[in-house]
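Data block below; observations after.
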Amino acid sequence: MTQHDEAAAGSSVPSRAARERALLAGRLADPALLDQAVEIQLGEDGSADTCLAVPVGGQRMAGNVTVAGAGQALRVLQALHGKSGFPCLRESCFAKSLDSPRIIRWGLSGSVKDDHGELDARLWGYNEAGVGEYVTEQKWRDPRVPVTPVLESMTSAPADGRVYDVLLGGQDHYLADRRLVESLTAQDRRTLEVAAAINRAHQPAVVKVFASRGIDQYLDLGCGLPVNDARPLDGAPSYAALHDLVSQYQDKARTVYVDRDTFIFAKARFRLEEDPRQPEWVSADIQYMEQVLNSGRVQLLLDWSRPIGVLLHDVLPWIRNGKTVAEAMAILREKLPPGSAVSITHATNFGEDNVMSRFTKRFRKAGLDFKPRSTRAIGELFGDWPLEEPGLVPTHRWHPEHPHAARPLHDAGALAGLAFKPEAGRA
């Protein structure tokens with residue numbers, strides 16, 4: 001064989017990372033995470049082999065990579081630093097030599113244990129060609145672990161939930177969120193402030209309807225900050241958190257909050273940890289709806305043999321891709337038990353009086369997706385579920401007791417609708 005032939009033959013040999021990718025495809029609980037894996041060169045000149053780092057997400061709670069020596073460890077840490085899916089990045093080494101094997105870990109910082117101190121996470125591990133990976137089952141006892149991939153909260157960039165807090169006059173946000181709102185004209189700021197207040201004041205009426213049908217478990221998808229110091233508009237009643245509203249009707253109802261913003265997650269856990277009504281929290285992105293609903297945490301926090309009340313208030317407009325929204329809602333409707341209900345509020349355009357789409361470009365420039373949708377598109381999110389009266393209407397006209405019902409129709413900036421899932425055979 002000539003040198004040219006040998007070189008050609010050698011180039012067809014798969015890299016270590018390629019071999020790991022093939023092996024992991026059959027071992028990962030969430031094979032889709034391979035699409036987000038980071039392949040890292042371990043040598044300075046690019047001629048050395050590579051390793052594969054797979055992020056956390058779904059049923060994957062942690063991961064690690066074993067490399068040879070401090071130099072390779074530094075390259076792995078630099079490659080993964082700041083990347084989504086690699087939280088709590090750290091190096092472990094118990095030898096003094098610079099050439100000793102190093103383990104780069106991410107995800108959970110320690111073992112997950114149950115209430116009796118027993119190990120509560122099953123590990124599947126293997127070591128192949130110097131790279132170690134492991135997968136665990138997602139357990140419902142640890143709310144710190146995202147059940148889907150989630151973006152890291154950046155203090156230097158605005159986020160939709162925190163911008164919403166600014167519009168409501170709250171205190172739980174960063175300077176970047178406040179600057180975005182302040183960059184708007186006074187008229188545009190007022191438009192969004194009124195729309196946000198109308199949306200927030202809609203929640204009590206929805207809970208009242210859910211409770212009247214006997215629903216005692218609530219799932220708030222894309223909840224934002226459930227508790228804050230927001231100031232109600234025009235002397236309206238103070239805003240109450242969902243679990244506070246629910247407790248007015250059922251003492252032992254279960255409330256589960258879901259949001260992808262890690263800042264909101266930390267704030268809510270801090271404030272709600274000692275709450276006697278024991279609201280629960282899930283860190284997740286509803287764009288991965290099937291992963292959210294099938295996660296061990298959501299499955300075990302809610303009784304899926306009984307109706308569940310789901311709120312999607314001012315969250316779907318912040319997902320730009322219409323196909324993603326439609327697929328997520330189709331999965332939600334399919335998974336929910338009969339008798340369950342879905343309440344949606346969604347930004348829309350009200351002719352020349354209030355064109356919410358004028359904010360799309362400004363928000364997108366700031367890194368936020370914002371997509372108002374038509375009445376028809378919003379109605380299709382309910383599938384074939386029959387809408388409750390009065391149908392799909394401006395949010396503050398959905399219930400006569402809304403504190404801002406007297407305001408012009410376009411002030412809502414959004415439509416509201418609610419539908420119950422029919423019993424089997426009664427669509």
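A note on labels: chains of the structure tokens are A, B, ... as shown, every chain counts residues from 1, and ligands are counted from 1 in their shown order.
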Just asking: which residues within region 174-302 of chain A are helix (DSSP H, G or I) according to DSSP, as a PDB file with N, CA, C and O atoms, in the first residue's frame?
ATOM      1  N   LEU A 175     -31.504  45.692  34.631  1.00  0.00           N
ATOM      2  CA  LEU A 175     -31.397  46.988  33.959  1.00  0.00           C
ATOM      3  C   LEU A 175     -31.702  46.859  32.475  1.00  0.00           C
ATOM      4  O   LEU A 175     -32.352  47.737  31.886  1.00  0.00           O
ATOM      5  N   ALA A 176     -31.256  45.758  31.841  1.00  0.00           N
ATOM      6  CA  ALA A 176     -31.495  45.568  30.405  1.00  0.00           C
ATOM      7  C   ALA A 176     -32.983  45.515  30.088  1.00  0.00           C
ATOM      8  O   ALA A 176     -33.425  46.041  29.056  1.00  0.00           O
ATOM      9  N   ASP A 177     -33.770  44.914  30.967  1.00  0.00           N
ATOM     10  CA  ASP A 177     -35.219  44.835  30.761  1.00  0.00           C
ATOM     11  C   ASP A 177     -35.850  46.224  30.850  1.00  0.00           C
ATOM     12  O   ASP A 177     -36.690  46.596  30.033  1.00  0.00           O
ATOM     13  N   ARG A 178     -35.399  46.969  31.851  1.00  0.00           N
ATOM     14  CA  ARG A 178     -35.957  48.317  32.048  1.00  0.00           C
ATOM     15  C   ARG A 178     -35.561  49.242  30.901  1.00  0.00           C
ATOM     16  O   ARG A 178     -36.365  50.069  30.452  1.00  0.00           O
ATOM     17  N   ARG A 179     -34.324  49.114  30.419  1.00  0.00           N
ATOM     18  CA  ARG A 179     -33.878  49.974  29.331  1.00  0.00           C
ATOM     19  C   ARG A 179     -34.662  49.719  28.044  1.00  0.00           C
ATOM     20  O   ARG A 179     -34.919  50.659  27.277  1.00  0.00           O
ATOM     21  N   LEU A 180     -35.028  48.461  27.809  1.00  0.00           N
ATOM     22  CA  LEU A 180     -35.809  48.169  26.609  1.00  0.00           C
ATOM     23  C   LEU A 180     -37.152  48.885  26.662  1.00  0.00           C
ATOM     24  O   LEU A 180     -37.575  49.512  25.684  1.00  0.00           O
ATOM     25  N   VAL A 181     -37.812  48.809  27.806  1.00  0.00           N
ATOM     26  CA  VAL A 181     -39.111  49.476  27.947  1.00  0.00           C
ATOM     27  C   VAL A 181     -38.948  50.990  27.859  1.00  0.00           C
ATOM     28  O   VAL A 181     -39.747  51.680  27.216  1.00  0.00           O
ATOM     29  N   GLU A 182     -37.893  51.509  28.479  1.00  0.00           N
ATOM     30  CA  GLU A 182     -37.669  52.955  28.463  1.00  0.00           C
ATOM     31  C   GLU A 182     -37.320  53.474  27.072  1.00  0.00           C
ATOM     32  O   GLU A 182     -37.471  54.672  26.792  1.00  0.00           O
ATOM     33  N   ALA A 186     -43.459  57.150  24.809  1.00  0.00           N
ATOM     34  CA  ALA A 186     -44.375  57.171  25.954  1.00  0.00           C
ATOM     35  C   ALA A 186     -45.697  56.503  25.598  1.00  0.00           C
ATOM     36  O   ALA A 186     -46.287  55.768  26.410  1.00  0.00           O
ATOM     37  N   GLN A 187     -46.175  56.742  24.373  1.00  0.00           N
ATOM     38  CA  GLN A 187     -47.437  56.133  23.948  1.00  0.00           C
ATOM     39  C   GLN A 187     -47.323  54.617  23.849  1.00  0.00           C
ATOM     40  O   GLN A 187     -48.220  53.891  24.289  1.00  0.00           O
ATOM     41  N   ASP A 188     -46.215  54.135  23.284  1.00  0.00           N
ATOM     42  CA  ASP A 188     -46.038  52.684  23.153  1.00  0.00           C
ATOM     43  C   ASP A 188     -45.862  52.021  24.515  1.00  0.00           C
ATOM     44  O   ASP A 188     -46.349  50.910  24.746  1.00  0.00           O
ATOM     45  N   ARG A 189     -45.147  52.699  25.414  1.00  0.00           N
ATOM     46  CA  ARG A 189     -45.009  52.148  26.769  1.00  0.00           C
ATOM     47  C   ARG A 189     -46.377  52.012  27.418  1.00  0.00           C
ATOM     48  O   ARG A 189     -46.688  50.979  28.029  1.00  0.00           O
ATOM     49  N   ARG A 190     -47.197  53.036  27.272  1.00  0.00           N
ATOM     50  CA  ARG A 190     -48.523  52.997  27.896  1.00  0.00           C
ATOM     51  C   ARG A 190     -49.374  51.898  27.269  1.00  0.00           C
ATOM     52  O   ARG A 190     -50.107  51.194  27.971  1.00  0.00           O
ATOM     53  N   THR A 191     -49.263  51.711  25.956  1.00  0.00           N
ATOM     54  CA  THR A 191     -50.016  50.648  25.279  1.00  0.00           C
ATOM     55  C   THR A 191     -49.677  49.281  25.862  1.00  0.00           C
ATOM     56  O   THR A 191     -50.568  48.476  26.166  1.00  0.00           O
ATOM     57  N   LEU A 192     -48.394  49.031  26.033  1.00  0.00           N
ATOM     58  CA  LEU A 192     -47.972  47.730  26.555  1.00  0.00           C
ATOM     59  C   LEU A 192     -48.291  47.585  28.035  1.00  0.00           C
ATOM     60  O   LEU A 192     -48.623  46.478  28.505  1.00  0.00           O
ATOM     61  N   GLU A 193     -48.190  48.651  28.797  1.00  0.00           N
ATOM     62  CA  GLU A 193     -48.520  48.593  30.221  1.00  0.00           C
ATOM     63  C   GLU A 193     -49.991  48.243  30.430  1.00  0.00           C
ATOM     64  O   GLU A 193     -50.336  47.408  31.283  1.00  0.00           O
ATOM     65  N   VAL A 194     -50.856  48.867  29.655  1.00  0.00           N
ATOM     66  CA  VAL A 194     -52.294  48.594  29.762  1.00  0.00           C
ATOM     67  C   VAL A 194     -52.591  47.151  29.350  1.00  0.00           C
ATOM     68  O   VAL A 194     -53.353  46.444  30.018  1.00  0.00           O
ATOM     69  N   ALA A 195     -51.993  46.712  28.251  1.00  0.00           N
ATOM     70  CA  ALA A 195     -52.220  45.341  27.783  1.00  0.00           C
ATOM     71  C   ALA A 195     -51.746  44.321  28.811  1.00  0.00           C
ATOM     72  O   ALA A 195     -52.416  43.312  29.054  1.00  0.00           O
ATOM     73  N   ALA A 196     -50.584  44.572  29.435  1.00  0.00           N
ATOM     74  CA  ALA A 196     -50.059  43.659  30.450  1.00  0.00           C
ATOM     75  C   ALA A 196     -50.974  43.605  31.671  1.00  0.00           C
ATOM     76  O   ALA A 196     -51.245  42.536  32.225  1.00  0.00           O
ATOM     77  N   ALA A 197     -51.472  44.770  32.085  1.00  0.00           N
ATOM     78  CA  ALA A 197     -52.364  44.822  33.248  1.00  0.00           C
ATOM     79  C   ALA A 197     -53.680  44.091  32.967  1.00  0.00           C
ATOM     80  O   ALA A 197     -54.203  43.359  33.817  1.00  0.00           O
ATOM     81  N   ILE A 198     -54.224  44.282  31.777  1.00  0.00           N
ATOM     82  CA  ILE A 198     -55.463  43.590  31.405  1.00  0.00           C
ATOM     83  C   ILE A 198     -55.252  42.084  31.397  1.00  0.00           C
ATOM     84  O   ILE A 198     -56.080  41.311  31.892  1.00  0.00           O
ATOM     85  N   ASN A 199     -54.120  41.659  30.870  1.00  0.00           N
ATOM     86  CA  ASN A 199     -53.831  40.227  30.822  1.00  0.00           C
ATOM     87  C   ASN A 199     -53.709  39.639  32.228  1.00  0.00           C
ATOM     88  O   ASN A 199     -54.263  38.580  32.526  1.00  0.00           O
ATOM     89  N   ARG A 200     -52.993  40.335  33.111  1.00  0.00           N
ATOM     90  CA  ARG A 200     -52.792  39.816  34.471  1.00  0.00           C
ATOM     91  C   ARG A 200     -54.101  39.764  35.248  1.00  0.00           C
ATOM     92  O   ARG A 200     -54.342  38.851  36.032  1.00  0.00           O
ATOM     93  N   GLN A 203     -56.721  36.485  35.085  1.00  0.00           N
ATOM     94  CA  GLN A 203     -56.514  35.188  35.723  1.00  0.00           C
ATOM     95  C   GLN A 203     -57.585  34.792  36.736  1.00  0.00           C
ATOM     96  O   GLN A 203     -58.020  33.636  36.758  1.00  0.00           O
ATOM     97  N   PRO A 204     -58.059  35.690  37.600  1.00  0.00           N
ATOM     98  CA  PRO A 204     -59.074  35.283  38.584  1.00  0.00           C
ATOM     99  C   PRO A 204     -60.334  34.691  37.960  1.00  0.00           C
ATOM    100  O   PRO A 204     -60.890  33.714  38.481  1.00  0.00           O
ATOM    101  N   ALA A 205     -60.790  35.254  36.848  1.00  0.00           N
ATOM    102  CA  ALA A 205     -61.998  34.744  36.205  1.00  0.00           C
ATOM    103  C   ALA A 205     -61.778  33.330  35.675  1.00  0.00           C
ATOM    104  O   ALA A 205     -62.675  32.477  35.756  1.00  0.00           O
ATOM    105  N   VAL A 206     -60.594  33.065  35.146  1.00  0.00           N
ATOM    106  CA  VAL A 206     -60.288  31.730  34.626  1.00  0.00           C
ATOM    107  C   VAL A 206     -60.283  30.713  35.750  1.00  0.00           C
ATOM    108  O   VAL A 206     -60.862  29.626  35.633  1.00  0.00           O
ATOM    109  N   VAL A 207     -59.645  31.047  36.873  1.00  0.00           N
ATOM    110  CA  VAL A 207     -59.600  30.128  38.013  1.00  0.00           C
ATOM    111  C   VAL A 207     -61.006  29.854  38.526  1.00  0.00           C
ATOM    112  O   VAL A 207     -61.345  28.718  38.888  1.00  0.00           O
ATOM    113  N   LYS A 208     -61.841  30.879  38.545  1.00  0.00           N
ATOM    114  CA  LYS A 208     -63.223  30.703  39.024  1.00  0.00           C
ATOM    115  C   LYS A 208     -63.978  29.705  38.156  1.00  0.00           C
ATOM    116  O   LYS A 208     -64.698  28.831  38.661  1.00  0.00           O
ATOM    117  N   VAL A 209     -63.792  29.798  36.831  1.00  0.00           N
ATOM    118  CA  VAL A 209     -64.461  28.863  35.927  1.00  0.00           C
ATOM    119  C   VAL A 209     -63.911  27.455  36.099  1.00  0.00           C
ATOM    120  O   VAL A 209     -64.662  26.474  36.163  1.00  0.00           O
ATOM    121  N   PHE A 210     -62.595  27.324  36.178  1.00  0.00           N
ATOM    122  CA  PHE A 210     -61.987  26.004  36.376  1.00  0.00           C
ATOM    123  C   PHE A 210     -62.517  25.358  37.660  1.00  0.00           C
ATOM    124  O   PHE A 210     -62.920  24.189  37.673  1.00  0.00           O
ATOM    125  N   ALA A 211     -62.510  26.129  38.746  1.00  0.00           N
ATOM    126  CA  ALA A 211     -62.940  25.584  40.040  1.00  0.00           C
ATOM    127  C   ALA A 211     -64.412  25.195  40.013  1.00  0.00           C
ATOM    128  O   ALA A 211     -64.809  24.199  40.639  1.00  0.00           O
ATOM    129  N   SER A 212     -65.230  25.957  39.273  1.00  0.00           N
ATOM    130  CA  SER A 212     -66.658  25.635  39.208  1.00  0.00           C
ATOM    131  C   SER A 212     -66.906  24.287  38.538  1.00  0.00           C
ATOM    132  O   SER A 212     -67.942  23.660  38.740  1.00  0.00           O
ATOM    133  N   LEU A 233     -53.326  48.550  37.695  1.00  0.00           N
ATOM    134  CA  LEU A 233     -53.662  49.727  36.893  1.00  0.00           C
ATOM    135  C   LEU A 233     -54.963  50.359  37.372  1.00  0.00           C
ATOM    136  O   LEU A 233     -55.948  49.668  37.653  1.00  0.00           O
ATOM    137  N   ASP A 234     -54.962  51.680  37.468  1.00  0.00           N
ATOM    138  CA  ASP A 234     -56.181  52.464  37.730  1.00  0.00           C
ATOM    139  C   ASP A 234     -56.954  52.000  38.964  1.00  0.00           C
ATOM    140  O   ASP A 234     -58.183  51.888  38.961  1.00  0.00           O
ATOM    141  N   GLY A 235     -56.233  51.683  40.038  1.00  0.00           N
ATOM    142  CA  GLY A 235     -56.900  51.324  41.286  1.00  0.00           C
ATOM    143  C   GLY A 235     -57.590  49.977  41.287  1.00  0.00           C
ATOM    144  O   GLY A 235     -58.440  49.704  42.148  1.00  0.00           O
ATOM    145  N   LEU A 242     -51.305  32.690  41.156  1.00  0.00           N
ATOM    146  CA  LEU A 242     -52.253  31.631  40.808  1.00  0.00           C
ATOM    147  C   LEU A 242     -52.576  30.748  42.003  1.00  0.00           C
ATOM    148  O   LEU A 242     -53.750  30.432  42.257  1.00  0.00           O
ATOM    149  N   HIS A 243     -51.569  30.337  42.753  1.00  0.00           N
ATOM    150  CA  HIS A 243     -51.852  29.433  43.881  1.00  0.00           C
ATOM    151  C   HIS A 243     -52.669  30.127  44.968  1.00  0.00           C
ATOM    152  O   HIS A 243     -53.408  29.468  45.718  1.00  0.00           O
ATOM    153  N   ASP A 244     -52.553  31.478  45.072  1.00  0.00           N
ATOM    154  CA  ASP A 244     -53.402  32.215  46.011  1.00  0.00           C
ATOM    155  C   ASP A 244     -54.857  32.187  45.545  1.00  0.00           C
ATOM    156  O   ASP A 244     -55.777  31.980  46.355  1.00  0.00           O
ATOM    157  N   LEU A 245     -55.074  32.385  44.248  1.00  0.00           N
ATOM    158  CA  LEU A 245     -56.433  32.360  43.702  1.00  0.00           C
ATOM    159  C   LEU A 245     -57.056  30.981  43.862  1.00  0.00           C
ATOM    160  O   LEU A 245     -58.223  30.842  44.251  1.00  0.00           O
ATOM    161  N   VAL A 246     -56.272  29.946  43.562  1.00  0.00           N
ATOM    162  CA  VAL A 246     -56.774  28.579  43.643  1.00  0.00           C
ATOM    163  C   VAL A 246     -57.188  28.232  45.067  1.00  0.00           C
ATOM    164  O   VAL A 246     -58.207  27.564  45.297  1.00  0.00           O
ATOM    165  N   SER A 247     -56.412  28.703  46.040  1.00  0.00           N
ATOM    166  CA  SER A 247     -56.698  28.357  47.439  1.00  0.00           C
ATOM    167  C   SER A 247     -58.019  28.951  47.924  1.00  0.00           C
ATOM    168  O   SER A 247     -58.563  28.510  48.938  1.00  0.00           O
ATOM    169  N   THR A 262     -34.294  31.020  34.024  1.00  0.00           N
ATOM    170  CA  THR A 262     -33.682  30.559  35.272  1.00  0.00           C
ATOM    171  C   THR A 262     -33.707  31.650  36.339  1.00  0.00           C
ATOM    172  O   THR A 262     -33.712  31.348  37.540  1.00  0.00           O
ATOM    173  N   PHE A 263     -33.738  32.910  35.936  1.00  0.00           N
ATOM    174  CA  PHE A 263     -33.868  34.000  36.906  1.00  0.00           C
ATOM    175  C   PHE A 263     -35.228  33.924  37.598  1.00  0.00           C
ATOM    176  O   PHE A 263     -35.339  34.014  38.819  1.00  0.00           O
ATOM    177  N   ILE A 264     -36.269  33.747  36.793  1.00  0.00           N
ATOM    178  CA  ILE A 264     -37.618  33.622  37.346  1.00  0.00           C
ATOM    179  C   ILE A 264     -37.701  32.388  38.236  1.00  0.00           C
ATOM    180  O   ILE A 264     -38.302  32.407  39.311  1.00  0.00           O
ATOM    181  N   PHE A 265     -37.095  31.295  37.782  1.00  0.00           N
ATOM    182  CA  PHE A 265     -37.093  30.054  38.556  1.00  0.00           C
ATOM    183  C   PHE A 265     -36.493  30.281  39.942  1.00  0.00           C
ATOM    184  O   PHE A 265     -37.058  29.884  40.962  1.00  0.00           O
ATOM    185  N   ALA A 266     -35.346  30.949  40.007  1.00  0.00           N
ATOM    186  CA  ALA A 266     -34.685  31.180  41.287  1.00  0.00           C
ATOM    187  C   ALA A 266     -35.507  32.104  42.181  1.00  0.00           C
ATOM    188  O   ALA A 266     -35.653  31.857  43.388  1.00  0.00           O
ATOM    189  N   LYS A 267     -36.073  33.166  41.598  1.00  0.00           N
ATOM    190  CA  LYS A 267     -36.888  34.097  42.376  1.00  0.00           C
ATOM    191  C   LYS A 267     -38.124  33.423  42.956  1.00  0.00           C
ATOM    192  O   LYS A 267     -38.468  33.595  44.127  1.00  0.00           O
ATOM    193  N   ALA A 268     -38.799  32.639  42.115  1.00  0.00           N
ATOM    194  CA  ALA A 268     -40.031  31.985  42.551  1.00  0.00           C
ATOM    195  C   ALA A 268     -39.755  30.961  43.642  1.00  0.00           C
ATOM    196  O   ALA A 268     -40.480  30.887  44.641  1.00  0.00           O
ATOM    197  N   ARG A 269     -38.711  30.161  43.471  1.00  0.00           N
ATOM    198  CA  ARG A 269     -38.387  29.153  44.491  1.00  0.00           C
ATOM    199  C   ARG A 269     -38.058  29.816  45.814  1.00  0.00           C
ATOM    200  O   ARG A 269     -38.461  29.358  46.879  1.00  0.00           O
ATOM    201  N   PHE A 270     -37.319  30.926  45.766  1.00  0.00           N
ATOM    202  CA  PHE A 270     -36.950  31.636  46.990  1.00  0.00           C
ATOM    203  C   PHE A 270     -38.189  32.135  47.714  1.00  0.00           C
ATOM    204  O   PHE A 270     -38.292  32.035  48.938  1.00  0.00           O
ATOM    205  N   ARG A 271     -39.139  32.660  46.956  1.00  0.00           N
ATOM    206  CA  ARG A 271     -40.327  33.242  47.581  1.00  0.00           C
ATOM    207  C   ARG A 271     -41.376  32.206  47.965  1.00  0.00           C
ATOM    208  O   ARG A 271     -42.163  32.435  48.890  1.00  0.00           O
ATOM    209  N   LEU A 272     -41.429  31.108  47.247  1.00  0.00           N
ATOM    210  CA  LEU A 272     -42.509  30.141  47.451  1.00  0.00           C
ATOM    211  C   LEU A 272     -42.103  28.927  48.274  1.00  0.00           C
ATOM    212  O   LEU A 272     -42.939  28.097  48.604  1.00  0.00           O
ATOM    213  N   ILE A 286     -41.550  25.315  26.994  1.00  0.00           N
ATOM    214  CA  ILE A 286     -42.726  24.634  26.455  1.00  0.00           C
ATOM    215  C   ILE A 286     -42.639  24.404  24.956  1.00  0.00           C
ATOM    216  O   ILE A 286     -43.517  23.757  24.386  1.00  0.00           O
ATOM    217  N   GLN A 287     -41.588  24.910  24.304  1.00  0.00           N
ATOM    218  CA  GLN A 287     -41.388  24.545  22.905  1.00  0.00           C
ATOM    219  C   GLN A 287     -41.093  23.051  22.776  1.00  0.00           C
ATOM    220  O   GLN A 287     -41.266  22.475  21.711  1.00  0.00           O
ATOM    221  N   TYR A 288     -40.638  22.433  23.874  1.00  0.00           N
ATOM    222  CA  TYR A 288     -40.420  20.989  23.935  1.00  0.00           C
ATOM    223  C   TYR A 288     -41.595  20.360  24.693  1.00  0.00           C
ATOM    224  O   TYR A 288     -41.416  19.689  25.702  1.00  0.00           O
ATOM    225  N   MET A 289     -42.813  20.601  24.212  1.00  0.00           N
ATOM    226  CA  MET A 289     -44.011  20.244  24.977  1.00  0.00           C
ATOM    227  C   MET A 289     -44.062  18.765  25.344  1.00  0.00           C
ATOM    228  O   MET A 289     -44.422  18.406  26.470  1.00  0.00           O
ATOM    229  N   GLU A 290     -43.732  17.890  24.412  1.00  0.00           N
ATOM    230  CA  GLU A 290     -43.799  16.454  24.716  1.00  0.00           C
ATOM    231  C   GLU A 290     -42.825  16.091  25.827  1.00  0.00           C
ATOM    232  O   GLU A 290     -43.159  15.315  26.715  1.00  0.00           O
ATOM    233  N   GLN A 291     -41.637  16.677  25.789  1.00  0.00           N
ATOM    234  CA  GLN A 291     -40.645  16.426  26.821  1.00  0.00           C
ATOM    235  C   GLN A 291     -41.141  16.942  28.168  1.00  0.00           C
ATOM    236  O   GLN A 291     -40.941  16.303  29.210  1.00  0.00           O
ATOM    237  N   VAL A 292     -41.787  18.099  28.171  1.00  0.00           N
ATOM    238  CA  VAL A 292     -42.307  18.677  29.414  1.00  0.00           C
ATOM    239  C   VAL A 292     -43.339  17.747  30.031  1.00  0.00           C
ATOM    240  O   VAL A 292     -43.253  17.373  31.210  1.00  0.00           O
ATOM    241  N   LEU A 293     -44.330  17.361  29.241  1.00  0.00           N
ATOM    242  CA  LEU A 293     -45.446  16.589  29.780  1.00  0.00           C
ATOM    243  C   LEU A 293     -45.052  15.168  30.139  1.00  0.00           C
ATOM    244  O   LEU A 293     -45.631  14.561  31.044  1.00  0.00           O
ATOM    245  N   ASN A 294     -44.064  14.603  29.450  1.00  0.00           N
ATOM    246  CA  ASN A 294     -43.625  13.236  29.728  1.00  0.00           C
ATOM    247  C   ASN A 294     -42.547  13.154  30.791  1.00  0.00           C
ATOM    248  O   ASN A 294     -42.164  12.051  31.198  1.00  0.00           O
ATOM    249  N   GLY A 296     -40.577  12.994  34.238  1.00  0.00           N
ATOM    250  CA  GLY A 296     -40.962  12.372  35.505  1.00  0.00           C
ATOM    251  C   GLY A 296     -41.538  13.368  36.484  1.00  0.00           C
ATOM    252  O   GLY A 296     -42.480  13.071  37.221  1.00  0.00           O
ATOM    253  N   ARG A 297     -40.992  14.586  36.477  1.00  0.00           N
ATOM    254  CA  ARG A 297     -41.468  15.575  37.445  1.00  0.00           C
ATOM    255  C   ARG A 297     -42.914  15.976  37.188  1.00  0.00           C
ATOM    256  O   ARG A 297     -43.745  15.967  38.104  1.00  0.00           O
ATOM    257  N   VAL A 298     -43.255  16.323  35.973  1.00  0.00           N
ATOM    258  CA  VAL A 298     -44.628  16.736  35.663  1.00  0.00           C
ATOM    259  C   VAL A 298     -45.587  15.565  35.799  1.00  0.00           C
ATOM    260  O   VAL A 298     -46.712  15.714  36.296  1.00  0.00           O
ATOM    261  N   GLN A 299     -45.168  14.385  35.381  1.00  0.00           N
ATOM    262  CA  GLN A 299     -46.031  13.213  35.477  1.00  0.00           C
ATOM    263  C   GLN A 299     -46.394  12.889  36.919  1.00  0.00           C
ATOM    264  O   GLN A 299     -47.515  12.473  37.212  1.00  0.00           O
ATOM    265  N   LEU A 300     -45.474  13.096  37.826  1.00  0.00           N
ATOM    266  CA  LEU A 300     -45.716  12.716  39.213  1.00  0.00           C
ATOM    267  C   LEU A 300     -46.285  13.850  40.058  1.00  0.00           C
ATOM    268  O   LEU A 300     -46.870  13.602  41.111  1.00  0.00           O
ATOM    269  N   LEU A 301     -46.146  15.096  39.598  1.00  0.00           N
ATOM    270  CA  LEU A 301     -46.736  16.201  40.353  1.00  0.00           C
ATOM    271  C   LEU A 301     -48.233  16.306  40.113  1.00  0.00           C
ATOM    272  O   LEU A 301     -48.967  16.825  40.949  1.00  0.00           O
TER     273      LEU A 301
END
Quick one: residues within 9 Å of region 375-384 of chain A, only C-alpha atoms, excluding same-chain residues fewer than 5 positions away - as a PDB file with C-alpha atoms, in the first residue's frame?
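Output saved as result.pdb:
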ATOM      1  CA  GLY A 322     -45.944  29.092  14.162  1.00  0.00           C
ATOM      2  CA  VAL A 325     -46.623  26.559  18.539  1.00  0.00           C
ATOM      3  CA  ALA A 326     -49.155  24.446  16.612  1.00  0.00           C
ATOM      4  CA  MET A 329     -50.577  22.749  21.383  1.00  0.00           C
ATOM      5  CA  ALA A 330     -51.541  19.566  19.496  1.00  0.00           C
ATOM      6  CA  ARG A 333     -54.478  18.653  23.724  1.00  0.00           C
ATOM      7  CA  VAL A 342     -56.965  25.243  28.410  1.00  0.00           C
ATOM      8  CA  ILE A 344     -55.123  31.115  26.269  1.00  0.00           C
ATOM      9  CA  THR A 345     -54.447  34.822  25.948  1.00  0.00           C
ATOM     10  CA  HIS A 346     -52.546  35.819  22.817  1.00  0.00           C
ATOM     11  CA  THR A 348     -53.188  40.195  18.128  1.00  0.00           C
ATOM     12  CA  ASN A 349     -53.650  43.282  15.955  1.00  0.00           C
ATOM     13  CA  LEU A 392     -62.513  34.302  21.461  1.00  0.00           C
ATOM     14  CA  VAL A 393     -62.762  37.954  22.454  1.00  0.00           C
ATOM     15  CA  LEU A 415     -57.635  37.826  22.592  1.00  0.00           C
ATOM     16  CA  GLY A 417     -60.410  32.000  24.999  1.00  0.00           C
ATOM     17  CA  LEU A 418     -61.072  28.933  27.122  1.00  0.00           C
ATOM     18  CA  ALA A 419     -62.059  25.413  26.114  1.00  0.00           C
ATOM     19  CA  LYS A 421     -61.564  18.769  26.399  1.00  0.00           C
ATOM     20  CA  ALA A 427     -66.022  15.826  20.415  1.00  0.00           C
TER      21      ALA A 427
END
query: Residues at most 12 Å from Gln171 (chain A), counting only C-alpha atoms, excluding those fewer than 4 positions away in the same chain, as JSON, numbers by chain?
result: {"A": [162, 163, 164, 165, 166, 167, 175, 177, 178, 225, 227, 228, 229, 230, 231, 267]}
query: Of the candidates A:His202, A:Leu89, A:Val147, A:Lys335, which shows the shortest atom-to-atom distance to Trp398 (chain A), using only C-alpha atoms?
result: A:His202
- prompt: So how many Å separate CA of Arg105 (chain A) and CA of Thr155 (chain A), to one decimal?
  reply: 24.7 Å
query: Which of these, A:Ala416, A:Ala405, A:Leu74, A:Val282, has the shortest distance to Ala347 (chain A) once you count only C-alpha atoms?
result: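 Closest candidate: A:Ala416.
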message: Set the distance at 7 Å and use only C-alpha atoms: which residues neighbour region 353-356 of chain A once local chain neighbours fewer than 5 positions away are removed? I'd like the list as a PyMOL selection string.
response: chain A and resi 348+372+410+413
message: Using DSSP assignments from the backbone, pull out every residue in region 162-398 of chain A that falls under strand (DSSP E or B) and give it to me as a PyMOL selection string.
response: chain A and resi 217-221+254-259+280-283+309-313+341-347+350+354+387+393-394
message: As an exercise, work out the distance from CA of Pro386 (chain A) to CA of Ala424 (chain A) in Å and give it to one decimal place.
response: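 Straight-line distance from CA of Pro386 (chain A) to CA of Ala424 (chain A) works out to 13.8 Å.
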task: Please provide as a count of residues only all residues within 6 Å of region 15-23 of chain A, with the sequence filter that same-chain residues fewer than 2 positions apart are discarded (counting only C-alpha atoms).
output: 5
